[in-house]
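Data first, discussion second: the structure below is written as structure tokens.
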Amino acid sequence: KQEVTQIPAALSVPEGENLVLNCSFTDSAIYNLQWFRQDPGKGLTSLLLIQSSQREQTSGRLNASLDKSSGRSTLYIAASQPGDSATYLCAVRPASNDYKLSFGAGTTVTVRA
Amino acid sequence: SAVISQKPSRDICQRGTSLTIQCQVDSQVTMMFWYRQQPGQSLTLIATANQGSEATYESGFVIDKFPISRPNLTFSTLTVSNMSPEDSSIYLCSVEPPSSRTYGYTFGSGTRLTVV
């Protein structure tokens with residue numbers, strides 16, 4: 001059974017600092033991995049999708065890397081802003097014909113002005 | 001990717017009552033998913049809803065407690081029945097990604113349920 005872990009559980013940084021969020025998974029046989037943002041009490045907003053064959057994916061200030069062999073993904077957020085304060089979740093999809101995602105518990109980020 | 005409209009966004013309900021949550025998608029999708037997120041926890045899949053068939057429930061979830069309807073390819077409802085304070089959670093719907101590998105999962109905006 002796939003287990004997804006996100007460390008740290010919470011992170012507080014001053015504005016302008018770069019953020020590094022970690023996601024690890026136990027079974028390296030994945031189809032893809034997706035990073036989400038969740039604001040308090042709200043739904044999930046997709047940030048980046050990285051396929052199993054990719055090493056990284058970028059969108060604006062966000063960059064996600066994937067190392068399947070070691071079971072790790074890292075989300076980098078450059079030059080953090082107070083608006084980046086949220087919980088960030090990673091989710092792993094096991095196979096193209098398996099739609100069940102395995103979620104990490106998330107990292108709650110606070111960016112201090 | 002699909003756009004999902006979920007409502008209500010939040011509700012406060014009395015114990016013993018039921019609440020129905022709706023999700024409307026702007027395109028036809030075969031599979032819709034319902035998740036629960038208990039306070040401070042990550043997402044747990046409740047069931048998968050396919051149009052024209054009974055929903056498939058995950059271990060620990062039963063149809064009597066969480067009946068699901070899927071009348072067409074763009075709409076689904078989840079009912080939380082005979083609620084207790086332990087049902088206080090965020091409930092989210094999601095849809096399968098398009099067949100293209102470019103898109104990931106899309107989620108609704110969530111329903112924040114408080115049972116008193």
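A note on labels: chains of the structure tokens are A, B, ... as shown, every chain counts residues from 1, and ligands are counted from 1 in their shown order.
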
**Who sits within 9 Å of range 7-16 of chain A, only C-alpha atoms, same chain under 4 positions skipped, as a list in words** =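 Residues meeting the cut-off are Leu21, Asn22, Cys23, Ser24, Ala78, Ala79, Ser80, Gln81, Pro82, Ser85, Thr87, Ala105, Gly106, Thr107, Thr108, Val109, Thr110, Val111, Arg112 and Ala113 of chain A.
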
Using the selection just defined, write its residues with C-alpha atoms as an mmCIF file, in the first residue's frame.
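Result written to part04.cif:
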```
data_model
loop_
_atom_site.group_PDB
_atom_site.id
_atom_site.type_symbol
_atom_site.label_atom_id
_atom_site.label_comp_id
_atom_site.auth_asym_id
_atom_site.auth_seq_id
_atom_site.Cartn_x
_atom_site.Cartn_y
_atom_site.Cartn_z
ATOM 1 C CA LEU A 21 8.520 21.372 0.590
ATOM 2 C CA ASN A 22 9.193 17.658 0.648
ATOM 3 C CA CYS A 23 7.051 14.694 -0.326
ATOM 4 C CA SER A 24 8.152 11.072 -0.074
ATOM 5 C CA ALA A 78 10.809 31.106 -5.099
ATOM 6 C CA ALA A 79 10.666 34.490 -3.388
ATOM 7 C CA SER A 80 7.764 33.644 -1.094
ATOM 8 C CA GLN A 81 4.928 36.124 -0.508
ATOM 9 C CA PRO A 82 2.303 36.331 2.248
ATOM 10 C CA SER A 85 0.445 31.042 2.999
ATOM 11 C CA THR A 87 -1.401 24.090 3.077
ATOM 12 C CA ALA A 105 -0.974 15.001 5.165
ATOM 13 C CA GLY A 106 0.295 18.326 3.854
ATOM 14 C CA THR A 107 2.705 21.071 4.865
ATOM 15 C CA THR A 108 1.149 24.230 6.271
ATOM 16 C CA VAL A 109 3.146 27.266 5.210
ATOM 17 C CA THR A 110 3.055 30.694 6.814
ATOM 18 C CA VAL A 111 4.895 33.524 5.086
ATOM 19 C CA ARG A 112 5.450 36.441 7.458
ATOM 20 C CA ALA A 113 5.322 39.962 6.043
#
```

Interface rows for chain A against chain B: nearest pair, Å to one decimal, 7 Å, only C-alpha atoms, as a tab-separated table:
```
residue	atom	partner	partner_atom	distance
A:Gln34	CA	B:Gly104	CA	6.8
A:Gly41	CA	B:Arg112	CA	6.2
A:Lys42	CA	B:Gly110	CA	5.4
A:Gly43	CA	B:Ser109	CA	4.0
A:Leu44	CA	B:Phe107	CA	5.7
A:Ser46	CA	B:Thr106	CA	6.9
A:Leu49	CA	B:Gly104	CA	6.0
A:Phe103	CA	B:Leu43	CA	6.4
A:Gly104	CA	B:Ser42	CA	6.5
A:Ala105	CA	B:Ser42	CA	4.5
A:Gly106	CA	B:Ser42	CA	6.9
```

Could you write those residues out with all heavy atoms, as a PDB file, in the first residue's frame?
```pdb
ATOM      1  N   GLN A  34       1.045  14.850  -8.172  1.00  0.00           N
ATOM      2  CA  GLN A  34       0.427  16.163  -8.323  1.00  0.00           C
ATOM      3  C   GLN A  34       0.578  16.947  -7.028  1.00  0.00           C
ATOM      4  O   GLN A  34       0.385  16.394  -5.939  1.00  0.00           O
ATOM      5  CB  GLN A  34      -1.059  15.982  -8.685  1.00  0.00           C
ATOM      6  CG  GLN A  34      -1.762  17.220  -9.201  1.00  0.00           C
ATOM      7  CD  GLN A  34      -3.125  16.894  -9.822  1.00  0.00           C
ATOM      8  OE1 GLN A  34      -3.511  15.742  -9.930  1.00  0.00           O
ATOM      9  NE2 GLN A  34      -3.842  17.920 -10.250  1.00  0.00           N
ATOM     10  N   GLY A  41     -10.255  25.678   4.987  1.00  0.00           N
ATOM     11  CA  GLY A  41     -11.666  25.390   4.789  1.00  0.00           C
ATOM     12  C   GLY A  41     -12.109  25.302   3.347  1.00  0.00           C
ATOM     13  O   GLY A  41     -13.320  25.230   3.076  1.00  0.00           O
ATOM     14  N   LYS A  42     -11.164  25.294   2.425  1.00  0.00           N
ATOM     15  CA  LYS A  42     -11.505  25.332   1.010  1.00  0.00           C
ATOM     16  C   LYS A  42     -11.116  24.051   0.281  1.00  0.00           C
ATOM     17  O   LYS A  42     -10.596  23.112   0.881  1.00  0.00           O
ATOM     18  CB  LYS A  42     -10.791  26.521   0.335  1.00  0.00           C
ATOM     19  CG  LYS A  42     -11.105  27.869   0.952  1.00  0.00           C
ATOM     20  CD  LYS A  42     -12.554  28.248   0.785  1.00  0.00           C
ATOM     21  CE  LYS A  42     -12.819  29.655   1.280  1.00  0.00           C
ATOM     22  NZ  LYS A  42     -14.260  30.011   1.162  1.00  0.00           N
ATOM     23  N   GLY A  43     -11.376  24.034  -1.021  1.00  0.00           N
ATOM     24  CA  GLY A  43     -11.009  22.893  -1.842  1.00  0.00           C
ATOM     25  C   GLY A  43      -9.551  22.934  -2.250  1.00  0.00           C
ATOM     26  O   GLY A  43      -8.773  23.752  -1.756  1.00  0.00           O
ATOM     27  N   LEU A  44      -9.198  22.042  -3.163  1.00  0.00           N
ATOM     28  CA  LEU A  44      -7.814  21.930  -3.620  1.00  0.00           C
ATOM     29  C   LEU A  44      -7.636  22.616  -4.964  1.00  0.00           C
ATOM     30  O   LEU A  44      -8.458  22.442  -5.864  1.00  0.00           O
ATOM     31  CB  LEU A  44      -7.424  20.455  -3.760  1.00  0.00           C
ATOM     32  CG  LEU A  44      -6.904  19.750  -2.509  1.00  0.00           C
ATOM     33  CD1 LEU A  44      -7.925  19.726  -1.409  1.00  0.00           C
ATOM     34  CD2 LEU A  44      -6.451  18.340  -2.856  1.00  0.00           C
ATOM     35  N   SER A  46      -4.986  22.767  -8.085  1.00  0.00           N
ATOM     36  CA  SER A  46      -3.830  22.076  -8.652  1.00  0.00           C
ATOM     37  C   SER A  46      -2.729  23.075  -8.985  1.00  0.00           C
ATOM     38  O   SER A  46      -2.970  24.127  -9.573  1.00  0.00           O
ATOM     39  CB  SER A  46      -4.244  21.317  -9.911  1.00  0.00           C
ATOM     40  OG  SER A  46      -3.133  20.653 -10.471  1.00  0.00           O
ATOM     41  N   LEU A  49       1.571  19.151 -12.105  1.00  0.00           N
ATOM     42  CA  LEU A  49       1.460  17.717 -12.336  1.00  0.00           C
ATOM     43  C   LEU A  49       2.774  17.278 -12.950  1.00  0.00           C
ATOM     44  O   LEU A  49       3.222  17.867 -13.946  1.00  0.00           O
ATOM     45  CB  LEU A  49       0.307  17.421 -13.291  1.00  0.00           C
ATOM     46  CG  LEU A  49       0.168  15.973 -13.765  1.00  0.00           C
ATOM     47  CD1 LEU A  49      -0.301  15.094 -12.618  1.00  0.00           C
ATOM     48  CD2 LEU A  49      -0.788  15.880 -14.946  1.00  0.00           C
ATOM     49  N   PHE A 103      -2.739  10.561  -0.779  1.00  0.00           N
ATOM     50  CA  PHE A 103      -2.375  11.920  -0.378  1.00  0.00           C
ATOM     51  C   PHE A 103      -1.422  11.915   0.809  1.00  0.00           C
ATOM     52  O   PHE A 103      -1.528  11.068   1.714  1.00  0.00           O
ATOM     53  CB  PHE A 103      -3.626  12.704   0.035  1.00  0.00           C
ATOM     54  CG  PHE A 103      -4.409  13.257  -1.104  1.00  0.00           C
ATOM     55  CD1 PHE A 103      -5.402  12.498  -1.705  1.00  0.00           C
ATOM     56  CD2 PHE A 103      -4.170  14.539  -1.576  1.00  0.00           C
ATOM     57  CE1 PHE A 103      -6.132  13.007  -2.764  1.00  0.00           C
ATOM     58  CE2 PHE A 103      -4.894  15.054  -2.637  1.00  0.00           C
ATOM     59  CZ  PHE A 103      -5.880  14.288  -3.227  1.00  0.00           C
ATOM     60  N   GLY A 104      -0.531  12.904   0.816  1.00  0.00           N
ATOM     61  CA  GLY A 104       0.203  13.207   2.025  1.00  0.00           C
ATOM     62  C   GLY A 104      -0.668  14.052   2.944  1.00  0.00           C
ATOM     63  O   GLY A 104      -1.726  14.538   2.550  1.00  0.00           O
ATOM     64  N   ALA A 105      -0.205  14.242   4.175  1.00  0.00           N
ATOM     65  CA  ALA A 105      -0.974  15.001   5.165  1.00  0.00           C
ATOM     66  C   ALA A 105      -0.820  16.504   4.976  1.00  0.00           C
ATOM     67  O   ALA A 105      -1.557  17.282   5.590  1.00  0.00           O
ATOM     68  CB  ALA A 105      -0.561  14.599   6.572  1.00  0.00           C
ATOM     69  N   GLY A 106       0.152  16.912   4.156  1.00  0.00           N
ATOM     70  CA  GLY A 106       0.295  18.326   3.854  1.00  0.00           C
ATOM     71  C   GLY A 106       1.335  19.045   4.681  1.00  0.00           C
ATOM     72  O   GLY A 106       1.703  18.601   5.786  1.00  0.00           O
TER      73      GLY A 106
END
```

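When the distance limit is 12 Å and only C-alpha atoms are what count, the residues near Glu56 in chain A, minus those fewer than 6 positions from it on the same chain, are Asn32, Leu33, Gln34, Leu48, Leu49, Ile50, Leu62, Asn63, Ala64, Ser65, Leu66, Asp67, Lys68, Arg72, Ser73, Thr74, Leu75 and Tyr76 of chain A.
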
Same residues, C-alpha atoms, saved as a PDB file, in the first residue's frame:
```pdb
ATOM      1  CA  ASN A  32       2.305  10.691 -11.811  1.00  0.00           C
ATOM      2  CA  LEU A  33       2.458  13.020  -8.828  1.00  0.00           C
ATOM      3  CA  GLN A  34       0.427  16.163  -8.323  1.00  0.00           C
ATOM      4  CA  LEU A  48       1.773  21.167 -10.830  1.00  0.00           C
ATOM      5  CA  LEU A  49       1.460  17.717 -12.336  1.00  0.00           C
ATOM      6  CA  ILE A  50       4.653  15.777 -12.915  1.00  0.00           C
ATOM      7  CA  LEU A  62       6.946  27.087  -8.666  1.00  0.00           C
ATOM      8  CA  ASN A  63       9.199  24.202  -9.556  1.00  0.00           C
ATOM      9  CA  ALA A  64       8.566  20.558  -8.738  1.00  0.00           C
ATOM     10  CA  SER A  65      11.184  17.846  -9.027  1.00  0.00           C
ATOM     11  CA  LEU A  66      10.657  14.107  -9.036  1.00  0.00           C
ATOM     12  CA  ASP A  67      13.108  11.339  -8.196  1.00  0.00           C
ATOM     13  CA  LYS A  68      11.143   8.146  -8.628  1.00  0.00           C
ATOM     14  CA  ARG A  72      10.829  11.769  -3.491  1.00  0.00           C
ATOM     15  CA  SER A  73       9.375  14.949  -4.878  1.00  0.00           C
ATOM     16  CA  THR A  74      10.229  18.485  -3.879  1.00  0.00           C
ATOM     17  CA  LEU A  75       8.211  21.628  -4.458  1.00  0.00           C
ATOM     18  CA  TYR A  76      10.221  24.840  -4.600  1.00  0.00           C
TER      19      TYR A  76
END
```

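Computed from the coordinates, the CA of Glu58 in chain B to CA of Val25 in chain B distance equals 22.8 Å.
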
**Request:** Could you give me the residues within range 11-55 of chain B that DSSP places in strand (DSSP E or B), as a ChimeraX atom specification?
**Result:** /B:11-13,19-25,31-37,43-50

**Asked** Please, what distance in Å, to one decimal, runs between CA of Ser76 in chain B and CA of Asp26 in chain B?
**Response**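 Spanning CA of Ser76 in chain B to CA of Asp26 in chain B is a straight-line distance of 12.3 Å.
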
**Message:** When you count only C-alpha atoms, which of these residues is closest to Lys1 in chain A: A:Ser70, A:Thr26, A:Gln51, A:Ser96?
**Reply:**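 Of A:Ser70, A:Thr26, A:Gln51, A:Ser96, the one nearest Lys1 in chain A is A:Thr26, counting only C-alpha atoms.
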
**Item:** For CA of Ile4 in chain B and CA of Gln51 in chain B, the interatomic separation in Å (one decimal)
**Value:**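 Here the two named atoms are 16.4 Å from each other.
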
Name the residues in contact with Thr114 in chain B at a cut-off of 7 Å, using only C-alpha atoms, excluding same-chain residues fewer than 5 positions from it; report them as a PDB file with C-alpha atoms, in the first residue's frame.
```pdb
ATOM      1  CA  ASP B  11     -23.226  24.484   6.622  1.00  0.00           C
ATOM      2  CA  ILE B  12     -23.918  24.017  10.297  1.00  0.00           C
ATOM      3  CA  CYS B  13     -26.321  21.138  10.955  1.00  0.00           C
ATOM      4  CA  SER B  88     -17.734  17.470  10.935  1.00  0.00           C
ATOM      5  CA  SER B  89     -15.295  17.644   8.028  1.00  0.00           C
TER       6      SER B  89
END
```

**Prompt:** From the set B:Asp87, B:Val80, B:Lys65, B:Pro71, which residue has the shortest atom-to-atom contact distance to Gln24 in chain B, counting only C-alpha atoms?
**Reply:** B:Pro71
